[in-house]
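What follows is the content of upload-v4.txt, which has compact mmCIF, C-alpha atoms (C1' of nucleotides):
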# COMPACT_ATOMS: atom_id res chain seq x y z
CA MET A 2 0.00 0.00 0.00
CA GLU A 3 2.10 2.88 1.24
CA ASN A 4 5.32 3.01 -0.72
CA ASP A 5 6.85 5.75 1.39
CA SER A 6 6.05 4.24 4.73
CA PHE A 7 8.50 3.07 7.35
CA TYR A 8 8.31 -0.33 5.73
CA GLU A 9 10.05 0.85 2.56
CA LYS A 10 13.05 1.90 4.60
CA VAL A 11 13.19 -1.50 6.21
CA TYR A 12 12.85 -3.26 2.87
CA TRP A 13 15.63 -1.16 1.40
CA VAL A 14 18.06 -2.01 4.18
CA VAL A 15 17.21 -5.71 4.13
CA ARG A 16 17.75 -5.80 0.39
CA GLN A 17 21.25 -4.42 0.96
CA VAL A 18 22.14 -7.38 3.11
CA PRO A 19 24.66 -9.44 1.13
CA ALA A 20 24.23 -13.18 0.74
CA GLY A 21 25.82 -15.19 3.50
CA ARG A 22 25.20 -12.42 6.00
CA VAL A 23 22.39 -11.74 8.44
CA THR A 24 21.19 -8.75 10.40
CA THR A 25 18.95 -8.10 13.35
CA TYR A 26 15.70 -6.22 13.78
CA GLY A 27 17.27 -3.90 16.32
CA ALA A 28 20.17 -3.10 13.99
CA ILE A 29 17.80 -2.11 11.21
CA ALA A 30 15.56 -0.13 13.52
CA ALA A 31 18.53 1.69 15.01
CA PHE A 32 19.89 2.36 11.54
CA LEU A 33 16.62 3.98 10.56
CA GLY A 34 16.85 6.17 13.61
CA THR A 35 14.07 4.51 15.52
CA LYS A 36 15.88 2.18 17.87
CA GLY A 37 12.72 1.27 19.70
CA SER A 38 10.88 0.19 16.58
CA SER A 39 12.60 -3.17 16.44
CA ARG A 40 9.21 -4.81 16.64
CA VAL A 41 7.92 -2.72 13.77
CA VAL A 42 10.81 -3.99 11.65
CA GLY A 43 9.62 -7.54 12.16
CA TYR A 44 6.10 -6.39 11.48
CA ALA A 45 7.22 -4.89 8.18
CA MET A 46 8.86 -8.17 7.27
CA GLY A 47 5.55 -9.87 7.77
CA ALA A 48 4.14 -7.65 5.03
CA SER A 49 7.25 -8.09 2.88
CA VAL A 50 5.70 -11.13 1.27
CA HIS A 51 3.33 -8.74 -0.49
CA VAL A 52 6.16 -6.53 -1.64
CA LEU A 53 8.18 -6.77 -4.83
CA PRO A 54 10.98 -7.48 -5.22
CA ARG A 55 10.94 -10.20 -2.64
CA VAL A 56 12.73 -9.05 0.49
CA PRO A 57 15.31 -11.56 1.83
CA ALA A 58 13.65 -11.56 5.22
CA HIS A 59 15.35 -14.87 5.93
CA ARG A 60 18.50 -12.87 6.56
CA VAL A 61 16.81 -10.97 9.35
CA VAL A 62 16.76 -12.50 12.80
CA ASN A 63 16.46 -11.31 16.36
CA ARG A 64 19.48 -10.29 18.40
CA THR A 65 19.98 -13.84 19.63
CA GLY A 66 20.32 -15.12 16.06
CA LEU A 67 17.16 -17.16 16.40
CA LEU A 68 14.96 -17.60 13.35
CA THR A 69 11.85 -16.31 15.06
CA GLY A 70 9.72 -15.48 12.04
CA LYS A 71 10.50 -18.56 10.01
CA GLN A 72 6.84 -19.46 10.10
CA ARG A 73 6.09 -16.33 8.08
CA PHE A 74 7.95 -17.80 5.11
CA GLY A 75 5.32 -20.42 4.56
CA SER A 76 7.79 -23.19 5.29
CA PRO A 77 9.88 -23.05 8.47
CA HIS A 78 12.53 -25.25 6.95
CA LEU A 79 12.70 -23.04 3.89
CA MET A 80 14.22 -20.17 5.85
CA GLN A 81 16.86 -22.41 7.36
CA GLN A 82 17.65 -23.92 3.98
CA LEU A 83 18.07 -20.51 2.42
CA LEU A 84 20.49 -19.47 5.13
CA GLU A 85 22.43 -22.71 4.89
CA ASN A 86 22.48 -22.33 1.13
CA GLU A 87 24.23 -19.01 1.62
CA GLY A 88 26.87 -20.55 3.82
CA ILE A 89 25.29 -19.69 7.14
CA VAL A 90 25.42 -22.40 9.77
CA VAL A 91 22.01 -22.88 11.33
CA GLU A 92 21.17 -25.47 13.92
CA ASP A 93 17.73 -25.86 15.45
CA ASP A 94 16.66 -22.49 14.03
CA GLN A 95 19.64 -20.94 15.76
CA ILE A 96 22.56 -19.39 13.88
CA LYS A 97 25.77 -20.86 15.23
CA ASN A 98 28.37 -18.44 13.87
CA PHE A 99 25.92 -15.61 14.28
CA LYS A 100 28.52 -13.02 15.21
CA GLU A 101 30.56 -14.05 12.18
CA VAL A 102 27.75 -13.60 9.69
CA PHE A 103 26.23 -10.64 11.45
CA TRP A 104 25.93 -7.65 9.12
CA ASP A 105 25.50 -4.24 10.66
CA PRO A 106 23.93 -1.70 8.24
CA ALA A 107 25.23 1.22 10.28
CA THR A 108 28.76 -0.11 9.92
CA GLU A 109 29.08 -2.01 6.64
CA LEU A 110 26.31 -0.42 4.64
CA ILE A 111 27.40 2.55 2.60
CA LEU A 112 24.69 5.02 1.73
CA PRO A 113 24.52 6.35 -1.85
C1' DT B 14 -10.35 8.13 19.04
C1' DA B 15 -8.46 4.93 22.06
C1' DA B 16 -6.65 0.54 23.25
C1' DT B 17 -4.09 -3.63 21.97
C1' DT B 18 -0.71 -6.17 19.50
C1' DG B 19 3.82 -7.51 17.75
C1' DA B 20 9.13 -12.05 13.49
C1' DC B 21 12.29 -7.27 19.61
C1' DA B 22 15.46 -5.07 23.13
C1' DT B 23 16.96 -3.82 27.46
C1' DA B 24 16.66 -3.39 32.45
C1' DA B 25 15.57 -5.31 36.79
C1' DC B 26 14.75 -8.94 40.21
C1' DT C 4 22.68 -16.73 35.86
C1' DG C 5 17.91 -17.25 34.40
C1' DT C 6 13.40 -15.43 34.33
C1' DT C 7 10.16 -11.51 34.58
C1' DA C 8 8.73 -6.98 33.65
C1' DT C 9 8.65 -2.68 31.11
C1' DG C 10 9.68 0.28 26.95
C1' DC C 11 9.97 1.38 22.17
C1' DC C 12 7.48 2.80 17.49
C1' DA C 13 4.17 1.82 14.11
C1' DA C 14 0.17 -0.79 12.56
C1' DT C 15 -4.19 -3.08 13.37
C1' DT C 16 -8.86 -3.53 15.19

Taking this structure as input, can you express it in the form of structure tokens?
Amino acid sequence: MENDSFYEKVYWVVRQVPAGRVTTYGAIAAFLGTKGSSRVVGYAMGASVHVLPRVPAHRVVNRTGLLTGKQRFGSPHLMQQLLENEGIVVEDDQIKNFKEVFWDPATELILP
DNA sequence: TAATTGACATAAC
DNA sequence: TGTTATGCCAATT
């Protein structure tokens, strides 16, 4: 619906996440300036399935590296497979080398 | 319009 | 050290 809403910002950042890397809701929210809107980031991801191009929401996890919203992908195992396909080690919906694959937009993302 | 929810985060106990 | 409680911002009902 709204193309200029807070969601678009979230989608943009998530799309900048390189393959094999993951980020957290809090990192995205903080990057957008609204540190407390970490929940809204996850909410936006829930609507990302209606947005084109498809947002790699499988690269977005909570601060513990747990694949919380896997169910939103339609297939819980699909999210884990996608991450493993990108070289990310996931065990029991938990990213093992989370800190190694963690991608901080405020640090590694370069704005145009 | 107001109240509640939510794929989180942080502080306190 | 593990669990509980409160806060954050935006969207939904």

Inset, instruction - Select all residues from chain A having any atom no more than 10 Å from an atom of chain B (counting all atoms listed in the file, ignoring ligands), output as number ranges by chain. - result: A: 25-27, 30, 36-47, 58, 61-64, 67-73

List every residue of chain C that has an atom at most 8 Å from any atom of chain A, and for each one report the closest atom pair and its distance in Å to one decimal, counting all atoms listed in the file, with rows sorted by chain and then by increasing residue number, as JSON lines.
{"residue": "C:DG10", "atom": "C1'", "partner": "A:Gly37", "partner_atom": "CA", "distance": 7.9}
{"residue": "C:DC11", "atom": "C1'", "partner": "A:Gly37", "partner_atom": "CA", "distance": 3.7}
{"residue": "C:DC12", "atom": "C1'", "partner": "A:Ser38", "partner_atom": "CA", "distance": 4.4}
{"residue": "C:DA13", "atom": "C1'", "partner": "A:Val41", "partner_atom": "CA", "distance": 5.9}

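For the pair atom CA of A:Ala48 and atom CA of A:Glu87, the separation is 23.3 Å.
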
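Put simply, atom CA of A:Pro57 is 8.1 Å away from atom CA of A:Val18.
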
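The space separating atom CA of A:Ile89 from atom CA of A:Gly66 comes to 11.2 Å.
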